[in-house]
Each structure stands twice: as C-alpha cells, then as structure tokens.
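Structure file target.csv (CSV, C-alpha atoms and all ligand atoms) is printed below.
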```csv
chain,number,residue,atom,x,y,z
A,1,MET,CA,33.3,-49.8,-13.9
A,2,LEU,CA,29.7,-51.2,-14.3
A,3,LYS,CA,28.7,-48.4,-16.6
A,4,LYS,CA,31.2,-49.5,-19.3
A,5,PHE,CA,30.2,-53.2,-19.0
A,6,GLU,CA,26.5,-52.2,-19.2
A,7,LEU,CA,27.0,-50.6,-22.6
A,8,VAL,CA,29.2,-53.6,-23.7
A,9,GLY,CA,26.5,-56.1,-22.5
A,10,LYS,CA,23.8,-54.1,-24.2
A,11,SER,CA,25.7,-53.9,-27.5
A,12,LEU,CA,26.2,-57.7,-27.4
A,13,GLU,CA,22.4,-58.3,-27.2
A,14,GLN,CA,22.3,-57.1,-30.8
A,15,PHE,CA,24.2,-60.2,-31.8
A,16,GLN,CA,22.0,-62.8,-30.1
A,17,GLY,CA,21.4,-65.4,-32.7
A,18,ASN,CA,24.2,-64.3,-35.1
A,19,ARG,CA,27.2,-64.4,-32.7
A,20,LEU,CA,28.9,-67.1,-34.8
A,21,GLU,CA,28.6,-64.8,-37.9
A,22,PHE,CA,30.3,-62.1,-35.8
A,23,THR,CA,33.1,-64.3,-34.5
A,24,SER,CA,33.7,-65.7,-38.1
A,25,LYS,CA,34.0,-62.2,-39.4
A,26,PHE,CA,36.4,-61.4,-36.6
A,27,TYR,CA,38.8,-64.2,-37.3
A,28,GLU,CA,38.6,-63.5,-41.1
A,29,ILE,CA,39.7,-59.9,-40.4
A,30,LEU,CA,42.3,-60.8,-37.8
A,31,LEU,CA,44.1,-63.4,-40.0
A,32,THR,CA,43.9,-61.1,-43.1
A,33,VAL,CA,45.2,-58.0,-41.4
A,34,HIS,CA,47.7,-59.9,-39.2
A,35,PRO,CA,48.9,-63.0,-41.2
A,36,GLU,CA,51.8,-63.4,-38.8
A,37,LEU,CA,49.2,-64.7,-36.3
A,38,ARG,CA,48.1,-67.6,-38.5
A,39,ARG,CA,50.8,-69.9,-37.1
A,40,PHE,CA,49.0,-70.0,-33.8
A,41,PHE,CA,45.9,-71.5,-35.5
A,42,ASN,CA,47.6,-73.8,-38.0
A,43,ASN,CA,46.7,-77.0,-36.3
A,44,LYS,CA,43.5,-75.7,-34.7
A,45,ASP,CA,39.9,-76.2,-35.7
A,46,LEU,CA,38.8,-72.6,-36.5
A,47,LEU,CA,35.1,-73.4,-36.2
A,48,LYS,CA,35.7,-74.6,-32.6
A,49,GLN,CA,37.7,-71.4,-32.0
A,50,LYS,CA,34.8,-69.2,-33.3
A,51,LYS,CA,32.4,-71.1,-31.0
A,52,MET,CA,34.7,-70.7,-28.0
A,53,LEU,CA,34.9,-66.9,-28.6
A,54,SER,CA,31.1,-66.8,-29.0
A,55,GLY,CA,30.9,-68.6,-25.7
A,56,LEU,CA,33.0,-65.9,-24.0
A,57,LEU,CA,30.6,-63.2,-25.5
A,58,ILE,CA,27.6,-65.1,-24.1
A,59,ILE,CA,29.4,-65.1,-20.7
A,60,ILE,CA,30.1,-61.3,-20.9
A,61,SER,CA,26.5,-60.5,-21.9
A,62,ARG,CA,25.1,-62.5,-19.0
A,63,ARG,CA,27.7,-61.7,-16.4
A,64,TRP,CA,28.7,-58.1,-16.9
A,65,ARG,CA,27.1,-57.2,-13.6
A,66,GLN,CA,29.5,-59.5,-11.8
A,67,PRO,CA,33.0,-58.2,-12.5
A,68,GLN,CA,34.6,-60.7,-10.0
A,69,THR,CA,33.2,-63.6,-12.0
A,70,LEU,CA,34.4,-62.1,-15.3
A,71,ALA,CA,37.8,-61.5,-13.7
A,72,SER,CA,38.3,-65.1,-12.6
A,73,ILE,CA,37.2,-66.5,-16.0
A,74,LEU,CA,39.5,-64.1,-17.9
A,75,ARG,CA,42.4,-64.9,-15.6
A,76,ARG,CA,42.0,-68.6,-16.4
A,77,ILE,CA,41.8,-67.8,-20.2
A,78,GLY,CA,45.0,-65.6,-19.8
A,79,GLY,CA,46.8,-68.6,-18.1
A,80,ASN,CA,45.7,-70.8,-21.0
A,81,HIS,CA,47.2,-68.4,-23.5
A,82,PHE,CA,50.6,-68.7,-21.8
A,83,ARG,CA,50.4,-72.4,-22.6
A,84,TYR,CA,49.4,-71.6,-26.2
A,85,GLY,CA,52.6,-69.5,-26.5
A,86,VAL,CA,50.5,-66.3,-27.2
A,87,LYS,CA,52.3,-63.3,-25.7
A,88,PRO,CA,50.3,-60.5,-24.0
A,89,GLU,CA,51.7,-58.0,-26.7
A,90,TYR,CA,49.2,-59.8,-29.1
A,91,PHE,CA,46.2,-59.2,-26.8
A,92,THR,CA,46.0,-55.6,-28.0
A,93,ILE,CA,46.0,-56.6,-31.6
A,94,PHE,CA,43.0,-58.8,-30.7
A,95,GLU,CA,41.3,-55.8,-29.1
A,96,GLU,CA,42.0,-53.6,-32.1
A,97,VAL,CA,40.5,-56.1,-34.6
A,98,PHE,CA,37.6,-56.9,-32.3
A,99,LEU,CA,36.6,-53.2,-32.1
A,100,MET,CA,37.1,-52.9,-35.9
A,101,THR,CA,34.7,-55.9,-36.5
A,102,LEU,CA,32.2,-54.4,-34.1
A,103,GLU,CA,32.2,-51.1,-36.0
A,104,ILE,CA,31.7,-52.9,-39.3
A,105,GLN,CA,29.0,-55.2,-38.1
A,106,MET,CA,27.0,-52.6,-36.1
A,107,GLY,CA,27.0,-50.0,-38.9
A,108,SER,CA,24.9,-47.0,-37.9
A,109,ASN,CA,24.2,-48.5,-34.4
A,110,TRP,CA,27.9,-48.1,-33.5
A,111,THR,CA,28.4,-44.9,-31.4
A,112,LYS,CA,31.4,-43.1,-30.0
A,113,GLU,CA,30.1,-43.9,-26.5
A,114,MET,CA,30.1,-47.6,-27.3
A,115,GLN,CA,33.5,-47.4,-28.8
A,116,GLN,CA,34.9,-45.9,-25.5
A,117,ALA,CA,33.0,-48.4,-23.3
A,118,TRP,CA,34.3,-51.4,-25.3
A,119,SER,CA,37.8,-50.0,-25.4
A,120,GLN,CA,37.8,-49.5,-21.6
A,121,ALA,CA,36.2,-52.8,-20.9
A,122,PHE,CA,38.7,-54.6,-23.1
A,123,ASP,CA,41.6,-52.9,-21.3
A,124,GLU,CA,40.2,-54.3,-18.0
A,125,MET,CA,39.7,-57.7,-19.6
A,126,ILE,CA,43.3,-57.7,-20.9
A,127,GLU,CA,44.6,-56.7,-17.5
A,128,TRP,CA,42.8,-59.8,-16.0
A,129,MET,CA,44.2,-62.0,-18.8
A,130,VAL,CA,47.7,-60.7,-18.2
A,131,GLU,CA,47.4,-61.4,-14.4
A,132,GLY,CA,46.4,-65.0,-15.3
A,133,TYR,CA,49.2,-65.2,-17.9
A,134,GLU,CA,51.9,-64.1,-15.4
A,135,GLU,CA,50.6,-66.4,-12.7
A,136,GLU,CA,50.7,-69.4,-15.0
A,137,LYS,CA,54.2,-68.3,-16.2
A,138,ASN,CA,55.5,-68.1,-12.6
A,139,GLN,CA,54.0,-71.4,-11.7
A,140,THR,CA,55.5,-73.1,-14.7
A,141,ARG,CA,58.9,-71.6,-13.9
A,142,SER,CA,58.7,-72.7,-10.2
A,143,ALA,CA,57.7,-76.2,-11.3
A,144,ALA,CA,60.6,-76.4,-13.8
A,145,THR,CA,63.1,-75.1,-11.3
A,146,PHE,CA,61.9,-77.7,-8.8
A,147,VAL,CA,62.3,-80.5,-11.3
A,148,LEU,CA,65.7,-79.3,-12.4
A,149,ARG,CA,67.0,-78.9,-8.8
A,150,HIS,CA,66.0,-82.5,-8.0
A,151,LYS,CA,67.5,-83.8,-11.3
A,152,PHE,CA,70.9,-82.2,-10.9
A,153,SER,CA,71.4,-82.1,-7.1
B,201,LIG,C1,42.1,-60.2,-25.5
B,201,LIG,C2,42.5,-61.2,-26.3
B,201,LIG,C3,42.0,-62.6,-26.4
B,201,LIG,C4,40.8,-63.1,-26.0
B,201,LIG,C5,39.7,-62.5,-25.2
B,201,LIG,C6,40.8,-64.6,-26.4
B,201,LIG,C7,39.8,-65.5,-26.1
B,201,LIG,C8,40.0,-66.8,-26.2
B,201,LIG,C9,39.1,-67.8,-25.7
B,201,LIG,C10,37.7,-67.5,-25.0
B,201,LIG,C11,39.6,-69.1,-26.0
B,201,LIG,C12,39.0,-70.4,-25.6
B,201,LIG,C13,39.1,-70.7,-24.1
B,201,LIG,C14,40.6,-71.0,-23.7
B,201,LIG,O1,41.3,-71.8,-24.4
B,201,LIG,O2,41.0,-70.5,-22.7
B,201,LIG,C15,40.8,-68.9,-26.7
B,201,LIG,C16,41.6,-69.9,-27.1
B,201,LIG,C17,42.7,-69.7,-28.0
B,201,LIG,N1,43.2,-68.4,-28.4
B,201,LIG,FE1,42.6,-66.6,-27.7
B,201,LIG,N2,42.0,-64.8,-27.0
B,201,LIG,C18,42.7,-63.6,-27.1
B,201,LIG,C19,43.9,-63.5,-27.8
B,201,LIG,C20,44.5,-64.4,-28.6
B,201,LIG,C21,45.5,-64.1,-29.5
B,201,LIG,C22,46.2,-62.8,-29.8
B,201,LIG,C23,45.9,-65.3,-30.1
B,201,LIG,C24,46.9,-65.7,-31.2
B,201,LIG,C25,47.3,-64.9,-32.0
B,201,LIG,C26,45.0,-66.3,-29.5
B,201,LIG,C27,45.0,-67.7,-29.8
B,201,LIG,C28,44.3,-68.6,-29.2
B,201,LIG,C29,44.5,-70.1,-29.4
B,201,LIG,C30,45.6,-70.8,-30.2
B,201,LIG,C31,43.5,-70.7,-28.6
B,201,LIG,C32,43.3,-72.2,-28.4
B,201,LIG,C33,42.4,-72.9,-29.4
B,201,LIG,C34,42.2,-74.4,-29.2
B,201,LIG,O3,42.6,-75.0,-28.2
B,201,LIG,O4,41.7,-74.9,-30.2
B,201,LIG,N3,44.2,-65.7,-28.6
B,201,LIG,N4,41.0,-67.5,-26.8
```
Please express what this file holds, its structure, as structure tokens.
Ligand code: HEM
Amino acid sequence: MLKKFELVGKSLEQFQGNRLEFTSKFYEILLTVHPELRRFFNNKDLLKQKKMLSGLLIIISRRWRQPQTLASILRRIGGNHFRYGVKPEYFTIFEEVFLMTLEIQMGSNWTKEMQQAWSQAFDEMIEWMVEGYEEEKNQTRSAATFVLRHKFS
C-alpha cells in the first residue's frame, strides 16, 4: 500500500513549481480526447479547476504516508462529484488521461514501475471517491424520501 504511494509521491516531486503546467496539459488532453466531457465544464472556470487539481496533487505528495487522511479527502471529493452529476464510470477516463499526461510530461523519467504504482494508487483513490459518491447519493435519496413522505402524507 505505502510502496505504491511512495513512488507516486516521489514522481510528483518532479512537478514542484510546474504543477499548473501539468494540470493545464491534463485538461487540454482530457477535453480533446473526450469532447463528450466538455459539458461538465461549460459554466466552470477552467483555471480554477486546474488549480484545484494542483491542490490535490500537493496533498498527495505531502500526505502519501497517511492513507487514512487521503481516504477521507477523496471520499469528500467523490461526494462532491455526485453533486456535479459526474458518474463514477467517468473516473476511469480521468485516470487513463492522467496517466497519459504523466507519461508525456515525464518523458524518459517515466518507468514501467511508476506506471504500475500510479495505476494501483489511482484504483485505490477511485475506490475512496466511489465510497463518498455512494454515501452522498444515499443521503440525498433519504433526504428526498423524507421530504416527499411529509409532503404527501
Ligand atoms: C479520479 C477522478 C477525479 C479526480 C481525482 C477529480 C478531482 C477533482 C478535484 C480535486 C476537484 C476540486 C474539489 C472538489 O470540488 O471536490 C474537482 C472538481 C470538479 N470535477 Fe473532478 N475529479 C475527477 C473526475 C472528474 C470527471 C471525470 C469530471 C467530469 C467529466 C470531473 C468534473 C469536475 C467538476 C465539474 C468539478 C467542479 C468544478 C467547480 O466547482 O468549479 N471530475 N475534481
């Protein structure tokens, strides 16, 4: 568990100072390869989006030794994505493009070991996000059921 996050943390150190360049490239590739996802960002400030993703990368590079902290942050982010209407099926597209961007940006520093570590770490992160997503979905359903029951009883 920690081994894969260690490699991920170490590879992120290479982007200190140019994280925004990395996340800009990421969104450029994501929205070019998957134009169907553009609708989620239509009324959003893309620069803010890039900065928020950079923020998550800073958290991962500082907190990879504390998986419980990472888990609770990613569960919260997953819950937010339920509210944005982004289904978990899309999370793997995000992973795929993220790894593609890493490979492009790292050039000859990108190794097979790093690719495996990132892929496993992402699977873990997505699991946490999906937990948060499902929790938010269930809470929203219970709240809606409660309101409807009182309205029509
Ligand atoms: C593993 C996958 C993903 C990760 C790690 C991730 C990460 C983040 C982070 C860190 C934020 C800002 C914090 C927050 O709002 O909770 C965010 C916001 C957002 N994300 Fe994601 N995201 C993922 C997948 C996606 C996908 C697939 C889409 C849409 C196609 C998407 C659309 C959005 C939108 C619309 C926002 C809100 C932006 C705003 O309020 O201005 N995300 N995401």
Problem set entry | Contacts with ligand LIG 201 (chain B) at most 7 Å, all atoms listed in the file counted, listed as a ChimeraX atom specification | /A:37,40-41,44-45,48-49,52-53,55-56,76-78,80-81,84,86,90-95,122,125-126
Keeping only C-alpha atoms, write the selected residues as an mmCIF file, keeping the file's coordinate frame.
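So result-v9.cif came out as:
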```cif
data_model
loop_
_atom_site.group_PDB
_atom_site.id
_atom_site.type_symbol
_atom_site.label_atom_id
_atom_site.label_comp_id
_atom_site.auth_asym_id
_atom_site.auth_seq_id
_atom_site.Cartn_x
_atom_site.Cartn_y
_atom_site.Cartn_z
ATOM 1 C CA LEU A 37 49.200 -64.700 -36.300
ATOM 2 C CA PHE A 40 49.000 -70.000 -33.800
ATOM 3 C CA PHE A 41 45.900 -71.500 -35.500
ATOM 4 C CA LYS A 44 43.500 -75.700 -34.700
ATOM 5 C CA ASP A 45 39.900 -76.200 -35.700
ATOM 6 C CA LYS A 48 35.700 -74.600 -32.600
ATOM 7 C CA GLN A 49 37.700 -71.400 -32.000
ATOM 8 C CA MET A 52 34.700 -70.700 -28.000
ATOM 9 C CA LEU A 53 34.900 -66.900 -28.600
ATOM 10 C CA GLY A 55 30.900 -68.600 -25.700
ATOM 11 C CA LEU A 56 33.000 -65.900 -24.000
ATOM 12 C CA ARG A 76 42.000 -68.600 -16.400
ATOM 13 C CA ILE A 77 41.800 -67.800 -20.200
ATOM 14 C CA GLY A 78 45.000 -65.600 -19.800
ATOM 15 C CA ASN A 80 45.700 -70.800 -21.000
ATOM 16 C CA HIS A 81 47.200 -68.400 -23.500
ATOM 17 C CA TYR A 84 49.400 -71.600 -26.200
ATOM 18 C CA VAL A 86 50.500 -66.300 -27.200
ATOM 19 C CA TYR A 90 49.200 -59.800 -29.100
ATOM 20 C CA PHE A 91 46.200 -59.200 -26.800
ATOM 21 C CA THR A 92 46.000 -55.600 -28.000
ATOM 22 C CA ILE A 93 46.000 -56.600 -31.600
ATOM 23 C CA PHE A 94 43.000 -58.800 -30.700
ATOM 24 C CA GLU A 95 41.300 -55.800 -29.100
ATOM 25 C CA PHE A 122 38.700 -54.600 -23.100
ATOM 26 C CA MET A 125 39.700 -57.700 -19.600
ATOM 27 C CA ILE A 126 43.300 -57.700 -20.900
#
```
For this session: Tell me which of A:Glu136, A:Glu13, A:Glu6, A:Glu21 sits closest to A:Gly79, counting only C-alpha atoms.
Result: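 Answer, going by the shortest atom-to-atom distance: A:Glu136.
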Determine, for each residue of stretch 81-130 of chain A having at least one atom at most 12 Å from an atom of stretch 14-19 of chain A, the closest pair of atoms and their separation in Å to one decimal, counting all atoms listed in the file; order by chain and ascending number, as a Markdown table.
```
| residue | atom | partner | partner_atom | distance |
| --- | --- | --- | --- | --- |
| A:Thr101 | CA | A:Arg19 | CA | 12.0 |
| A:Leu102 | CA | A:Phe15 | CA | 10.1 |
| A:Gln105 | CA | A:Phe15 | CA | 9.4 |
| A:Met106 | CA | A:Gln14 | CA | 8.4 |
| A:Gly107 | CA | A:Gln14 | CA | 11.8 |
| A:Asn109 | CA | A:Gln14 | CA | 9.5 |
| A:Trp110 | CA | A:Gln14 | CA | 10.9 |
```
Exercise. What gap, in Å, lies between atom CA of A:Met100 and atom CA of A:Met129?
Worked result: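 Separating atom CA of A:Met100 from atom CA of A:Met129 is a distance of 20.6 Å.
Computed from the coordinates, the atom CA of A:Ser11 to atom CA of A:Met114 distance equals 7.7 Å.
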For this session: To one decimal in Å, tell me the separation between atom CA of A:Leu99 and atom CA of A:Arg39.
Result: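 Straight-line distance from atom CA of A:Leu99 to atom CA of A:Arg39 works out to 22.5 Å.
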Name all residues at most 10 Å from A:Glu134 (count all atoms listed in the file; drop same-chain ones fewer than 3 positions away) and give them as a short mmCIF file (atom, residue, chain, number, x, y, z; two decimals) with C-alpha atoms, in the coordinates of the input.
```cif
data_model
loop_
_atom_site.label_atom_id
_atom_site.label_comp_id
_atom_site.auth_asym_id
_atom_site.auth_seq_id
_atom_site.Cartn_x
_atom_site.Cartn_y
_atom_site.Cartn_z
CA ARG A 75 42.40 -64.90 -15.60
CA GLY A 78 45.00 -65.60 -19.80
CA GLY A 79 46.80 -68.60 -18.10
CA PHE A 82 50.60 -68.70 -21.80
CA PRO A 88 50.30 -60.50 -24.00
CA MET A 129 44.20 -62.00 -18.80
CA VAL A 130 47.70 -60.70 -18.20
CA GLU A 131 47.40 -61.40 -14.40
CA LYS A 137 54.20 -68.30 -16.20
CA ASN A 138 55.50 -68.10 -12.60
CA GLN A 139 54.00 -71.40 -11.70
CA THR A 140 55.50 -73.10 -14.70
#
```
For this session: Skip A:Leu7 itself and residues of its chain fewer than 4 positions away, then list as a list in words all residues within 12 Å of it, counting all atoms listed in the file.
Result: Met1, Leu2, Lys3, Ser11, Leu12, Glu13, Gln14, Ile60, Ser61, Trp64, Arg65, Trp110, Thr111, Lys112, Glu113, Met114, Gln115, Gln116, Ala117, Trp118, Ser119, Gln120 and Ala121 of chain A
For this session: Give me the residues within 10 Å of A:Lys51 as a list of chain:residue names, counting all atoms listed in the file and dropping any in the same chain fewer than 5 places off.
Result: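 So, after excluding close chain neighbours, the residues are A:Arg19, A:Leu20, A:Thr23, A:Ser24, A:Leu46, A:Leu56, A:Leu57.
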Quick one: write out the picked residues with C-alpha atoms as a PDB file, in the frame of the given file?
```
ATOM      1  CA  ARG A  19      27.200 -64.400 -32.700  1.00  0.00           C
ATOM      2  CA  LEU A  20      28.900 -67.100 -34.800  1.00  0.00           C
ATOM      3  CA  THR A  23      33.100 -64.300 -34.500  1.00  0.00           C
ATOM      4  CA  SER A  24      33.700 -65.700 -38.100  1.00  0.00           C
ATOM      5  CA  LEU A  46      38.800 -72.600 -36.500  1.00  0.00           C
ATOM      6  CA  LEU A  56      33.000 -65.900 -24.000  1.00  0.00           C
ATOM      7  CA  LEU A  57      30.600 -63.200 -25.500  1.00  0.00           C
TER       8      LEU A  57
END
```
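You can rank A:Pro67, A:Tyr133, A:Lys4, A:Phe98 by their closest distance to A:Gly85 using only C-alpha atoms, and at the top of that list sits A:Tyr133.
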Have stretch 83-95 of chain A completed to N, CA and C atoms, please, and pass it along as a short mmCIF file (atom, residue, chain, number, x, y, z; two decimals), in the frame of the given file.
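Just written: part.cif:
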```cif
data_model
loop_
_atom_site.label_atom_id
_atom_site.label_comp_id
_atom_site.auth_asym_id
_atom_site.auth_seq_id
_atom_site.Cartn_x
_atom_site.Cartn_y
_atom_site.Cartn_z
N ARG A 83 50.09 -71.07 -22.10
CA ARG A 83 50.40 -72.40 -22.60
C ARG A 83 50.30 -72.50 -24.13
N TYR A 84 49.48 -71.62 -24.75
CA TYR A 84 49.40 -71.60 -26.20
C TYR A 84 50.61 -70.90 -26.84
N GLY A 85 51.41 -70.24 -25.98
CA GLY A 85 52.60 -69.50 -26.50
C GLY A 85 52.19 -68.14 -27.07
N VAL A 86 50.98 -67.63 -26.71
CA VAL A 86 50.50 -66.30 -27.20
C VAL A 86 50.94 -65.24 -26.21
N LYS A 87 51.84 -64.35 -26.61
CA LYS A 87 52.30 -63.30 -25.70
C LYS A 87 51.32 -62.20 -25.49
N PRO A 88 51.30 -61.56 -24.29
CA PRO A 88 50.30 -60.50 -24.00
C PRO A 88 50.41 -59.32 -25.05
N GLU A 89 51.57 -59.12 -25.70
CA GLU A 89 51.70 -58.00 -26.70
C GLU A 89 50.58 -58.25 -27.78
N TYR A 90 50.23 -59.52 -28.03
CA TYR A 90 49.20 -59.80 -29.10
C TYR A 90 47.81 -59.50 -28.63
N PHE A 91 47.60 -59.41 -27.32
CA PHE A 91 46.20 -59.20 -26.80
C PHE A 91 45.65 -57.88 -27.37
N THR A 92 46.53 -56.85 -27.49
CA THR A 92 46.00 -55.60 -28.00
C THR A 92 45.66 -55.59 -29.45
N ILE A 93 46.35 -56.46 -30.20
CA ILE A 93 46.00 -56.60 -31.60
C ILE A 93 44.58 -57.22 -31.69
N PHE A 94 44.35 -58.19 -30.81
CA PHE A 94 43.00 -58.80 -30.70
C PHE A 94 41.97 -57.79 -30.44
N GLU A 95 42.25 -56.92 -29.48
CA GLU A 95 41.30 -55.80 -29.10
C GLU A 95 41.03 -54.93 -30.31
#
```
